[in-house]
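Single-structure report; data block below.
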Amino acid sequence: MRQRPYDPEELRFVLNEMVREAGVRMLFHAWGCEPVMQAAAAGADAASSNPQRITAVTFQGKQGRFAIRAQVVIDATGDGDLFAAAGCAFDLERVLPWLWFRMGGVENVEQAIATGGWYFHTPGDGRVLLPWGASERVSRKIDATDPEDLTFAEVECRRQVMAEVDRLRAEVPGFRRAHVCDVASQLGITESRRLLGDYVLRREDVDRTFDDTIAVTGHWTKYGARYAIPYRALRASKVANLLVAGRCISVDHRVHHATKEIPPCIATGEAAGTAAALAVRGGSTPAAIDVATLRDRLRRAGAIVDFPD
Ligand SMILES: Cc1cc2nc3c(=O)[nH]c(=O)nc-3n(C[C@H](O)[C@H](O)[C@H](O)COP(=O)(O)OP(=O)(O)OC[C@H]3O[C@@H](n4cnc5c(N)ncnc54)[C@H](O)[C@@H]3O)c2cc1C
């Protein structure tokens with residue numbers, strides 16, 4: 001049994017190994033671009049409210065553009081890149097960005113934290129995590145799907161982080177000889193696009209149960225609030241074989257604060273993956289699978305698909 005927490009790099013290795021052992025074919029260094037759309041052939045899809053399907057998704061790599069064919073596509077981009085390109089309806093929220101960083105060589109971590117600075121414990125002796133960003137830092141909210149906005153935010157955040165490092169070294173005794181270990185490689189973005197799918201989970205759905213619940217979650221700022229996440233919040237209404245998982249599922253802005261957290265993102269990812277496997281094996285679409293079977297599969301895999309008593 002492991003006695004210490006994993007560093008992020010170690011965790012990446014462990015996750016890679018788990019995915020490899022599960023038989024998943026990985027492909028890094030390629031950017032998902034456009035879905036290749038096809039009007040549904042005559043039959044079940046044409047008769048339903050899902051008139052289109054995706055036959056493949058194009059990707060951009062260093063050697064050029066290529067496509068991967070798929071029976072079911074899951075958009076887990078966080079920003080809903082694929083459902084937007086497929087023409088699905090969505091909401092877009094502008095946010096203030098974060099850029100967390102870690103410092104090492106802090107003389108007395110416990111004392112630094114006790115003096116009231118906003119520092120978190122992080123693995124490694126003499127190291128702290130600084131959750132830098134959001135309010136009153138960058139001058140305006142950004143659209144995290146706009147490269148111009150992202151460039152502005154990244155340059156500005158990095159400049160301000162370095163100014164904060166200088167201030168800590170100059171003004172906070174424990175930081176006098178501290179150094180920067182790392183600055184987050186990406187801006188921290190809490191919200192951008194949210195799908196408007198087969199069901200939009202709303203604030204007033206608190207404590208409500210659904211026949212097609214595939215995950216449940218609490219709310220990180222409203223203690224006691226619980227949301228059941230219906231399978232329909234993962235389904236794109238206009239595209240028969242597209243599912244969505246993670247931060248950009250179909251919820252309103254308030255509920256997003258609950259469903260964007262890592263545990264529900266993991267849970268909706270597991271549900272979308274299991275639903276896709278059922279659809280592919282059964283030769284059907286995500287909309288046509290038996291939801292009771294989906295819930296049963298998830299439950300047997302250890303997922304929590306109902307509110308605990
Ligand atoms: C600063 C900050 C602090 C947070 N703290 C916490 C916390 O303490 N606890 C907690 O539970 N949650 C926390 N959250 C929220 C949580 O981390 C995120 O909401 C969650 O990780 C989102 O998961 P996701 O899988 O939907 O998206 P992401 O984690 O963003 O994953 C999306 C992945 O898809 C890749 N990608 C995107 N577009 C494409 C494309 N077109 N082609 C190929 N790949 C693509 C991205 O590179 C990324 O690897 C925090 C968020 C922020 C910003």
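Simple scheme: letters A, B, ... for chains in structure tokens order, numbers from 1 for residues in each chain, numbers from 1 for ligands in the order shown.
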
Hey, which bits of chain A sit within 7 Å of ligand 1, and for each residue what's the closest pair of atoms and how far apart in Å (one decimal), counting only C-alpha atoms and all ligand atoms, rows by chain and increasing number, as a Markdown table?
| residue | atom | partner | partner_atom_place_in_ligand_line | distance |
| --- | --- | --- | --- | --- |
| A:Ala30 | CA | ligand 1 | 43 (C) | 6.3 |
| A:Trp31 | CA | ligand 1 | 42 (N) | 3.9 |
| A:Gly32 | CA | ligand 1 | 42 (N) | 3.6 |
| A:Cys33 | CA | ligand 1 | 41 (N) | 5.8 |
| A:Ala76 | CA | ligand 1 | 32 (C) | 5.8 |
| A:Thr77 | CA | ligand 1 | 37 (C) | 3.7 |
| A:Gly78 | CA | ligand 1 | 27 (O) | 3.8 |
| A:Asp79 | CA | ligand 1 | 38 (N) | 6.4 |
| A:Asp81 | CA | ligand 1 | 41 (N) | 5.6 |
| A:Trp98 | CA | ligand 1 | 1 (C) | 5.2 |
| A:Leu99 | CA | ligand 1 | 1 (C) | 6.8 |
| A:Trp100 | CA | ligand 1 | 1 (C) | 6.5 |
| A:Pro131 | CA | ligand 1 | 1 (C) | 6.8 |
| A:Gly188 | CA | ligand 1 | 53 (C) | 3.5 |
| A:Ile189 | CA | ligand 1 | 53 (C) | 4.2 |
| A:Thr190 | CA | ligand 1 | 53 (C) | 4.4 |
| A:Ala245 | CA | ligand 1 | 26 (O) | 6.5 |
| A:Gly246 | CA | ligand 1 | 26 (O) | 3.4 |
| A:Arg247 | CA | ligand 1 | 26 (O) | 3.6 |
| A:Cys248 | CA | ligand 1 | 26 (O) | 6.2 |
| A:Lys260 | CA | ligand 1 | 19 (O) | 4.1 |
| A:Glu261 | CA | ligand 1 | 11 (O) | 3.7 |
| A:Ile262 | CA | ligand 1 | 11 (O) | 3.7 |
| A:Pro263 | CA | ligand 1 | 11 (O) | 5.9 |
| A:Cys265 | CA | ligand 1 | 23 (O) | 5.6 |

May I have the selected residues written with C-alpha atoms, as a PDB file, in the first residue's frame?
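Here's the written file part13.pdb:
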ATOM      1  CA  ALA A  30      -3.591  15.352 -32.159  1.00  0.00           C
ATOM      2  CA  TRP A  31      -6.304  17.987 -31.898  1.00  0.00           C
ATOM      3  CA  GLY A  32      -9.933  17.019 -32.538  1.00  0.00           C
ATOM      4  CA  CYS A  33     -11.325  19.382 -35.185  1.00  0.00           C
ATOM      5  CA  ALA A  76     -15.080  15.151 -23.369  1.00  0.00           C
ATOM      6  CA  THR A  77     -13.207  18.288 -24.455  1.00  0.00           C
ATOM      7  CA  GLY A  78     -14.439  20.338 -21.479  1.00  0.00           C
ATOM      8  CA  ASP A  79     -15.319  23.122 -23.907  1.00  0.00           C
ATOM      9  CA  ASP A  81     -15.641  21.630 -29.210  1.00  0.00           C
ATOM     10  CA  TRP A  98      -6.775  30.940 -12.933  1.00  0.00           C
ATOM     11  CA  LEU A  99      -3.079  30.082 -13.117  1.00  0.00           C
ATOM     12  CA  TRP A 100      -2.057  28.022 -10.110  1.00  0.00           C
ATOM     13  CA  PRO A 131      -4.256  28.869  -6.083  1.00  0.00           C
ATOM     14  CA  GLY A 188      -7.504  27.162 -15.195  1.00  0.00           C
ATOM     15  CA  ILE A 189     -10.885  27.567 -16.853  1.00  0.00           C
ATOM     16  CA  THR A 190     -13.963  26.733 -14.831  1.00  0.00           C
ATOM     17  CA  ALA A 245     -19.165  13.917 -20.608  1.00  0.00           C
ATOM     18  CA  GLY A 246     -17.458  16.095 -18.010  1.00  0.00           C
ATOM     19  CA  ARG A 247     -17.693  19.822 -17.473  1.00  0.00           C
ATOM     20  CA  CYS A 248     -19.750  20.650 -20.565  1.00  0.00           C
ATOM     21  CA  LYS A 260     -18.037  20.550 -13.107  1.00  0.00           C
ATOM     22  CA  GLU A 261     -16.267  19.060 -10.103  1.00  0.00           C
ATOM     23  CA  ILE A 262     -13.890  16.170 -10.709  1.00  0.00           C
ATOM     24  CA  PRO A 263     -15.997  13.341  -9.145  1.00  0.00           C
ATOM     25  CA  CYS A 265     -16.880  14.536 -14.339  1.00  0.00           C
TER      26      CYS A 265
END

Could you please write out, as a ChimeraX atom specification, every residue of range 158-221 of chain A that DSSP assigns to strand (DSSP E)?
/A:179-183,193-195,213-218

message: Measuring between only C-alpha atoms, which one of A:Cys157, A:Met162, A:Glu21, A:Leu168 shows the shortest distance to Trp118 in chain A?
response: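 Once distances to Trp118 in chain A are computed over only C-alpha atoms, the minimum belongs to A:Leu168.
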
Find the residues of range 74-174 of chain A that sit at most 10 Å from range 216-236 of chain A; for each, write down the nearest two atoms and how far apart they are in Å, to one decimal. Count only C-alpha atoms. Sort by chain, then by number going up, and give it as CSV.
residue,atom,partner,partner_atom,distance
A:Ile74,CA,A:Leu234,CA,9.2
A:Asp75,CA,A:Leu234,CA,9.5
A:Phe83,CA,A:Ala236,CA,7.5
A:Ala86,CA,A:Ala236,CA,9.7
A:Gly87,CA,A:Ala236,CA,9.9
A:Cys88,CA,A:Ala236,CA,6.8
A:Ala89,CA,A:Ala236,CA,8.5
A:Phe90,CA,A:Ala236,CA,9.9

Check your understanding: So which one's closest to Val244 in chain A, A:Arg94, A:Thr145, A:Gly80, A:Asp211? Using only C-alpha atoms, please.
Key ->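 With only C-alpha atoms as the atom set, the closest residue is A:Gly80.
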
Quick check for you: according to DSSP on this backbone, which residues of range 19-266 of chain A are classed as alpha helix (DSSP H)? Reply as an MDAnalysis selection string. chainID A and resid 19:21 44:47 81:85 109:114 147:171 253:259 262:266

Surrounding residues of Ala287 in chain A excluding itself and chain neighbours under 4 positions, 12 Å, only C-alpha atoms, as a ChimeraX atom specification:
/A:44-45,48-51,53,72,197-198,212,231-243,272,275-276,278-280,283,291,294

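Across A:Glu270, A:Glu34, A:Asp149, A:Glu191, the tightest approach to Ile214 in chain A is made by A:Glu270 when counting only C-alpha atoms.
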
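Taking CA of Gln111 in chain A and CA of Arg127 in chain A as the two end points, the separation is 12.3 Å.
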
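Using only C-alpha atoms, the nearest neighbour of Glu164 in chain A within the list A:Ile113, A:Leu130, A:Ala84, A:Ala144 is A:Leu130.
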
Could you name the residues that touch Val57 in chain A at 10 Å or less, counting only C-alpha atoms, but leaving out those on the same chain fewer than 3 positions away, as an mmCIF file with N, CA and C atoms, in the first residue's frame?
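Produced file around.cif, reproduced below:
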data_model
loop_
_atom_site.group_PDB
_atom_site.id
_atom_site.type_symbol
_atom_site.label_atom_id
_atom_site.label_comp_id
_atom_site.auth_asym_id
_atom_site.auth_seq_id
_atom_site.Cartn_x
_atom_site.Cartn_y
_atom_site.Cartn_z
ATOM 1 N N GLY A 32 -8.647 17.315 -31.900
ATOM 2 C CA GLY A 32 -9.933 17.019 -32.538
ATOM 3 C C GLY A 32 -10.497 18.282 -33.184
ATOM 4 N N CYS A 33 -10.908 18.175 -34.449
ATOM 5 C CA CYS A 33 -11.325 19.382 -35.185
ATOM 6 C C CYS A 33 -12.823 19.375 -35.500
ATOM 7 N N GLU A 34 -13.190 18.658 -36.569
ATOM 8 C CA GLU A 34 -14.579 18.741 -37.045
ATOM 9 C C GLU A 34 -15.201 17.351 -37.098
ATOM 10 N N PRO A 35 -16.477 17.241 -36.712
ATOM 11 C CA PRO A 35 -17.166 15.983 -36.977
ATOM 12 C C PRO A 35 -17.588 15.925 -38.444
ATOM 13 N N VAL A 36 -17.499 14.743 -39.033
ATOM 14 C CA VAL A 36 -18.008 14.553 -40.402
ATOM 15 C C VAL A 36 -19.455 14.104 -40.252
ATOM 16 N N MET A 37 -20.389 14.939 -40.703
ATOM 17 C CA MET A 37 -21.813 14.703 -40.441
ATOM 18 C C MET A 37 -22.468 13.982 -41.615
ATOM 19 N N ILE A 54 -22.760 11.348 -36.691
ATOM 20 C CA ILE A 54 -21.353 11.625 -37.005
ATOM 21 C C ILE A 54 -20.740 10.326 -37.505
ATOM 22 N N PHE A 66 -6.252 14.129 -40.420
ATOM 23 C CA PHE A 66 -6.730 12.767 -40.673
ATOM 24 C C PHE A 66 -8.057 12.597 -39.947
ATOM 25 N N ALA A 67 -8.739 11.504 -40.238
ATOM 26 C CA ALA A 67 -10.053 11.275 -39.619
ATOM 27 C C ALA A 67 -10.074 9.930 -38.911
ATOM 28 N N ILE A 68 -10.847 9.863 -37.842
ATOM 29 C CA ILE A 68 -11.071 8.589 -37.144
ATOM 30 C C ILE A 68 -12.562 8.289 -37.226
ATOM 31 N N ARG A 69 -12.880 7.118 -37.769
ATOM 32 C CA ARG A 69 -14.295 6.747 -37.853
ATOM 33 C C ARG A 69 -14.773 6.215 -36.507
ATOM 34 N N ALA A 70 -16.031 6.434 -36.225
ATOM 35 C CA ALA A 70 -16.563 5.958 -34.940
ATOM 36 C C ALA A 70 -18.058 5.698 -35.044
ATOM 37 N N VAL A 73 -19.532 8.811 -30.710
ATOM 38 C CA VAL A 73 -18.511 9.809 -30.383
ATOM 39 C C VAL A 73 -18.852 10.409 -29.015
ATOM 40 N N LEU A 82 -16.686 19.570 -29.979
ATOM 41 C CA LEU A 82 -17.314 18.738 -31.005
ATOM 42 C C LEU A 82 -18.797 19.013 -31.137
#

Counting only C-alpha atoms, closest pick from A:Ser192, A:Thr268, A:Gln63, A:Ser250 relative to Ala303 in chain A is A:Thr268

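Distance annotation: of A:Arg65, A:His121, A:Arg137, A:His179, the residue with the minimal separation from Gly104 in chain A is A:His179; atom set is only C-alpha atoms.
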